[in-house]
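The file final-v7.cif comes next; it holds mmCIF, C-alpha atoms and all ligand atoms.
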```cif
data_data
#
loop_
_atom_site.label_atom_id
_atom_site.label_comp_id
_atom_site.auth_asym_id
_atom_site.auth_seq_id
_atom_site.Cartn_x
_atom_site.Cartn_y
_atom_site.Cartn_z
CA MET I 29 -5.41 -34.57 85.33
CA ALA I 30 -1.93 -35.70 86.24
CA THR I 31 0.68 -35.97 83.51
CA ASP I 32 4.31 -37.04 83.52
CA ASP I 33 5.31 -33.40 84.09
CA ASP I 34 3.41 -33.24 87.32
CA ARG I 35 5.56 -33.41 90.35
CA LEU I 36 4.33 -33.81 93.87
CA LEU I 37 6.00 -31.01 95.81
CA ASP I 38 7.51 -31.99 99.11
CA HIS I 39 5.78 -29.50 101.41
CA GLU I 40 2.63 -30.22 103.32
CA TYR I 41 0.33 -27.89 105.25
CA ASP I 42 -2.47 -29.24 107.36
CA GLY I 43 -2.35 -32.44 105.34
CA ILE I 44 -2.62 -30.64 102.04
CA ARG I 45 -0.01 -31.55 99.41
CA GLU I 46 0.57 -29.76 96.15
CA TYR I 47 1.34 -30.75 92.60
CA ASP I 48 3.70 -28.59 90.54
CA ASN I 49 1.37 -28.38 87.59
CA PRO I 50 3.04 -26.40 84.80
CA LEU I 51 0.95 -24.54 82.26
CA PRO I 52 0.89 -26.06 78.77
CA THR I 53 3.52 -24.70 76.35
CA TRP I 54 0.92 -23.43 73.84
CA TRP I 55 -0.69 -21.37 76.60
CA LYS I 56 2.64 -19.82 77.61
CA LEU I 57 3.54 -19.01 73.99
CA LEU I 58 0.20 -17.26 73.59
CA PHE I 59 0.92 -15.26 76.75
CA TYR I 60 4.39 -14.22 75.53
CA ALA I 61 2.94 -13.28 72.15
CA THR I 62 0.55 -10.84 73.82
CA ILE I 63 3.52 -9.25 75.63
CA LEU I 64 5.33 -8.82 72.30
CA LEU I 65 2.23 -7.08 70.92
CA VAL I 66 2.27 -4.44 73.69
CA PRO I 67 4.56 -1.97 71.83
CA LEU I 68 2.29 -2.19 68.77
CA TYR I 69 -0.74 -1.20 70.82
CA TYR I 70 1.15 1.31 72.96
CA TRP I 71 2.76 3.31 70.12
CA ASP I 72 0.25 2.13 67.54
CA PRO I 73 2.12 3.08 64.31
CA PHE I 74 -0.34 1.26 62.04
CA GLY I 75 -3.65 2.29 63.56
CA ILE I 76 -4.68 -0.91 65.35
CA GLY I 77 -7.95 -0.45 67.19
CA VAL I 78 -9.36 3.01 67.97
CA GLY I 79 -7.99 6.11 66.21
CA PRO I 80 -5.92 6.68 63.08
CA GLY I 81 -2.66 5.31 64.55
CA SER I 82 0.39 7.30 65.60
CA THR I 83 1.86 7.63 62.08
CA LYS I 84 -1.30 9.06 60.55
CA ALA I 85 -2.05 11.16 63.65
CA TYR I 86 1.45 12.66 63.43
CA ASP I 87 1.10 13.39 59.70
CA ALA I 88 -2.29 15.03 60.34
CA GLU I 89 -0.82 17.23 63.09
CA VAL I 90 2.09 18.28 60.87
CA ALA I 91 -0.33 19.11 58.02
CA GLN I 92 -2.52 21.13 60.39
CA PHE I 93 0.50 23.04 61.71
CA ALA I 94 1.67 23.77 58.15
CA ALA I 95 -1.80 25.07 57.28
CA GLU I 96 -1.83 27.35 60.33
CA HIS I 97 1.75 28.59 59.83
CA PRO I 98 2.33 29.31 56.15
CA THR I 99 5.96 29.87 55.19
CA THR I 100 7.01 33.50 55.17
CA THR I 101 8.96 33.47 51.91
CA GLY I 102 7.05 34.54 48.84
CA PRO I 103 4.51 37.32 48.80
CA THR I 104 1.67 36.85 51.27
CA LEU I 105 -0.53 39.48 49.64
CA SER I 106 -1.55 40.21 46.06
CA ASP I 107 -0.30 43.32 44.23
CA GLU I 108 -3.72 44.95 44.77
CA GLN I 109 -3.58 44.21 48.50
CA PHE I 110 -0.10 45.77 48.72
CA ALA I 111 -1.33 48.81 46.78
CA ALA I 112 -4.23 49.13 49.23
CA LEU I 113 -1.86 48.71 52.17
CA ALA I 114 0.38 51.47 50.75
CA THR I 115 -2.48 53.95 51.25
CA ASP I 116 -3.57 52.60 54.65
CA SER I 117 -2.36 55.04 57.30
CA ARG I 118 -2.04 52.46 60.07
CA ALA I 119 -0.06 50.01 57.94
CA LEU I 120 2.13 52.89 56.77
CA ALA I 121 2.76 54.00 60.35
CA ASP I 122 3.78 50.42 61.24
CA GLY I 123 5.88 50.20 58.09
CA LYS I 124 7.59 53.51 58.79
CA ALA I 125 8.48 52.36 62.32
CA VAL I 126 9.98 49.14 60.92
CA TYR I 127 11.79 51.13 58.23
CA THR I 128 13.25 53.70 60.63
CA ALA I 129 14.46 50.99 62.99
CA ASN I 130 15.91 48.59 60.40
CA CYS I 131 16.34 50.09 56.95
CA ALA I 132 17.22 53.77 57.35
CA VAL I 133 20.88 53.01 58.19
CA CYS I 134 21.45 51.77 54.65
CA HIS I 135 18.67 53.34 52.58
CA ARG I 136 18.58 56.69 54.45
CA ALA I 137 15.68 57.88 56.60
CA ASP I 138 13.94 59.41 53.55
CA GLY I 139 14.68 56.41 51.29
CA GLY I 140 17.05 58.45 49.12
CA GLY I 141 19.70 55.74 49.26
CA GLN I 142 23.19 55.45 50.73
CA ILE I 143 24.75 52.00 51.13
CA GLY I 144 21.55 50.56 49.65
CA PRO I 145 19.88 51.91 46.52
CA ASN I 146 17.44 54.79 46.29
CA LEU I 147 13.96 53.42 47.04
CA THR I 148 12.07 56.52 45.90
CA ASP I 149 12.97 56.53 42.19
CA ASP I 150 11.53 54.54 39.30
CA ALA I 151 14.56 52.28 38.84
CA TRP I 152 14.66 48.83 40.45
CA ILE I 153 17.47 46.26 40.45
CA HIS I 154 15.28 43.37 41.58
CA GLY I 155 11.88 44.21 40.14
CA ALA I 156 9.32 46.95 40.59
CA THR I 157 6.13 44.98 41.31
CA PRO I 158 4.91 44.80 44.91
CA ALA I 159 5.51 41.04 44.87
CA ALA I 160 9.10 41.52 43.64
CA ILE I 161 9.79 44.23 46.24
CA HIS I 162 8.34 41.98 48.93
CA THR I 163 10.55 39.09 47.78
CA THR I 164 13.69 41.28 47.78
CA ILE I 165 12.94 42.49 51.30
CA SER I 166 12.00 39.01 52.53
CA GLU I 167 14.88 37.06 50.97
CA GLY I 168 17.44 39.88 50.85
CA VAL I 169 20.46 40.09 48.58
CA LEU I 170 22.98 38.67 51.00
CA ALA I 171 25.93 38.88 48.59
CA LYS I 172 25.36 42.65 48.24
CA GLY I 173 24.72 43.31 51.93
CA MET I 174 20.91 43.46 51.90
CA PRO I 175 19.73 41.29 54.84
CA ASN I 176 16.94 38.69 54.45
CA TRP I 177 14.28 40.37 56.55
CA GLY I 178 11.85 37.44 56.23
CA LYS I 179 14.08 35.61 58.72
CA LEU I 180 14.45 38.63 61.02
CA LEU I 181 11.00 40.25 61.11
CA ALA I 182 7.48 38.91 61.61
CA PRO I 183 5.59 38.38 58.29
CA GLU I 184 3.16 41.26 58.97
CA LYS I 185 6.11 43.60 59.58
CA VAL I 186 7.65 42.60 56.24
CA ASP I 187 4.25 43.29 54.62
CA ALA I 188 3.97 46.68 56.35
CA VAL I 189 7.50 47.79 55.42
CA THR I 190 6.88 46.62 51.84
CA ALA I 191 3.81 48.87 51.72
CA TYR I 192 5.86 51.72 53.18
CA VAL I 193 8.61 51.27 50.56
CA ILE I 194 5.93 51.27 47.82
CA SER I 195 4.56 54.52 49.25
CA LEU I 196 8.02 56.17 49.08
CA LYS I 197 8.03 56.09 45.30
CA GLY I 198 8.06 59.57 43.79
CA SER I 199 8.70 61.31 47.11
CA ASN I 200 11.76 63.11 45.60
CA PRO I 201 14.05 63.45 48.63
CA PRO I 202 16.98 65.93 48.37
CA ASN I 203 20.40 64.62 47.18
CA PRO I 204 19.15 61.20 46.08
CA LYS I 205 21.47 58.36 45.13
CA ALA I 206 21.60 57.94 41.34
CA PRO I 207 19.06 55.45 39.96
CA GLU I 208 20.29 51.83 39.81
CA GLY I 209 18.78 48.98 37.85
CA VAL I 210 16.10 49.27 35.22
CA THR I 211 13.02 51.45 34.95
CA PRO I 212 9.99 49.34 34.06
C1 LIG I 301 23.06 46.66 55.74
C2 LIG I 301 22.49 47.53 54.75
C3 LIG I 301 21.02 47.36 54.40
C4 LIG I 301 19.94 47.35 55.24
C5 LIG I 301 19.94 47.45 56.76
C6 LIG I 301 18.77 47.24 54.41
N1 LIG I 301 19.12 47.17 53.10
FE1 LIG I 301 17.88 47.06 51.50
N2 LIG I 301 19.47 46.92 50.26
C7 LIG I 301 20.80 47.02 50.64
C8 LIG I 301 21.62 46.86 49.47
C9 LIG I 301 23.16 46.92 49.45
C10 LIG I 301 20.78 46.66 48.38
C11 LIG I 301 21.17 46.46 46.91
C12 LIG I 301 21.26 45.00 46.58
C13 LIG I 301 21.81 44.79 45.19
O1 LIG I 301 22.64 45.62 44.73
O2 LIG I 301 21.46 43.78 44.59
C14 LIG I 301 19.42 46.71 48.92
C15 LIG I 301 18.28 46.56 48.14
C16 LIG I 301 17.01 46.74 48.62
C17 LIG I 301 15.82 46.70 47.80
C18 LIG I 301 15.79 46.43 46.29
C19 LIG I 301 16.03 47.69 45.53
C20 LIG I 301 16.00 47.48 44.05
O3 LIG I 301 16.41 48.41 43.36
O4 LIG I 301 15.57 46.41 43.59
C21 LIG I 301 14.75 46.94 48.60
C22 LIG I 301 13.32 47.04 48.20
C23 LIG I 301 15.27 47.12 49.94
N3 LIG I 301 16.63 46.98 49.91
C24 LIG I 301 14.48 47.35 51.05
C25 LIG I 301 14.99 47.32 52.35
C26 LIG I 301 14.15 47.36 53.52
C27 LIG I 301 12.65 47.47 53.52
C28 LIG I 301 14.99 47.27 54.58
C29 LIG I 301 14.62 47.22 56.05
C30 LIG I 301 13.67 46.22 56.47
C31 LIG I 301 16.35 47.22 54.09
N4 LIG I 301 16.30 47.24 52.72
C32 LIG I 301 17.46 47.20 54.89
C33 LIG I 301 21.26 47.22 51.92
C34 LIG I 301 20.49 47.24 53.05
#
```
Would it be possible to restate this file's structure as structure tokens?
Ligand code: HEC
Amino acid sequence: MATDDDRLLDHEYDGIREYDNPLPTWWKLLFYATILLVPLYYWDPFGIGVGPGSTKAYDAEVAQFAAEHPTTTGPTLSDEQFAALATDSRALADGKAVYTANCAVCHRADGGGQIGPNLTDDAWIHGATPAAIHTTISEGVLAKGMPNWGKLLAPEKVDAVTAYVISLKGSNPPNPKAPEGVTP
């Protein structure tokens, strides 16, 4: 069907001539619209077609990661679990290794206290419960020079050294530092 737009092109091959027969505008607009939709399908933020969409898929991945990697601040074990750990010889051996390497410089190898307070007596500045001791070790008391070990050690090492500190109580080392804090 020839319209006004049609233009007989001026080449000829073997007697064959050609019309320049442009596509209708509505057809071209539809074609361009599909091109504009490509990013939507490619990155799929809203979940067009198969799957939850990139936004929901991302949120799900973040939630799964958070579930698999709980934050290390705050006690990871209950008081009973810490008490059990404080009598577990393997955990205590791990805890003692962590303690000797990281804590003895300030609290003395036997926990009797030096720069840091005595860890073997009944008095506590920051709380005597296993959860409180764990929190002090994990978050530190930066203003007083006690490092935040939760940022420096793996969570299971913080747990083990917490159990070791709990086990030091009542060990009566010679020449202890005077009690600091309150006795519960
Ligand atoms: C650079 C010195 C230093 C090191 C190393 C250090 N501490 Fe301390 N720690 C301190 C100081 C100082 C305090 C007292 C903070 C205060 O006065 O509030 C303290 C307090 C504590 C307390 C709280 C005592 C209480 O009475 O409430 C615990 C528990 C403790 N440290 C455990 C540890 C453990 C476990 C480690 C090793 C992983 C460690 N510390 C390493 C300096 C240190």
Separation of atom C26 of ligand LIG 301 (chain I) from CA of Asp122 (chain I) in Å: 13.3 Å
Enumerate as a ChimeraX atom specification the residues within 9 Å of ligand LIG 301 (chain I), counting all atoms listed in the file. /I:123,126-135,141-147,149-156,160-166,168-178,180-181,185-186,189-190,192-194,207-210
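The coordinates place CA of Thr211 (chain I) at 12.4 Å from CA of Lys197 (chain I).
Picture a line from CA of Ala159 (chain I) to CA of Gln109 (chain I); it runs 10.3 Å.
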Would you please work out which residue, of I:Ala114, I:Leu105, I:Asp42, I:Thr157, is nearest to Pro212 (chain I) when using only C-alpha atoms? I:Thr157
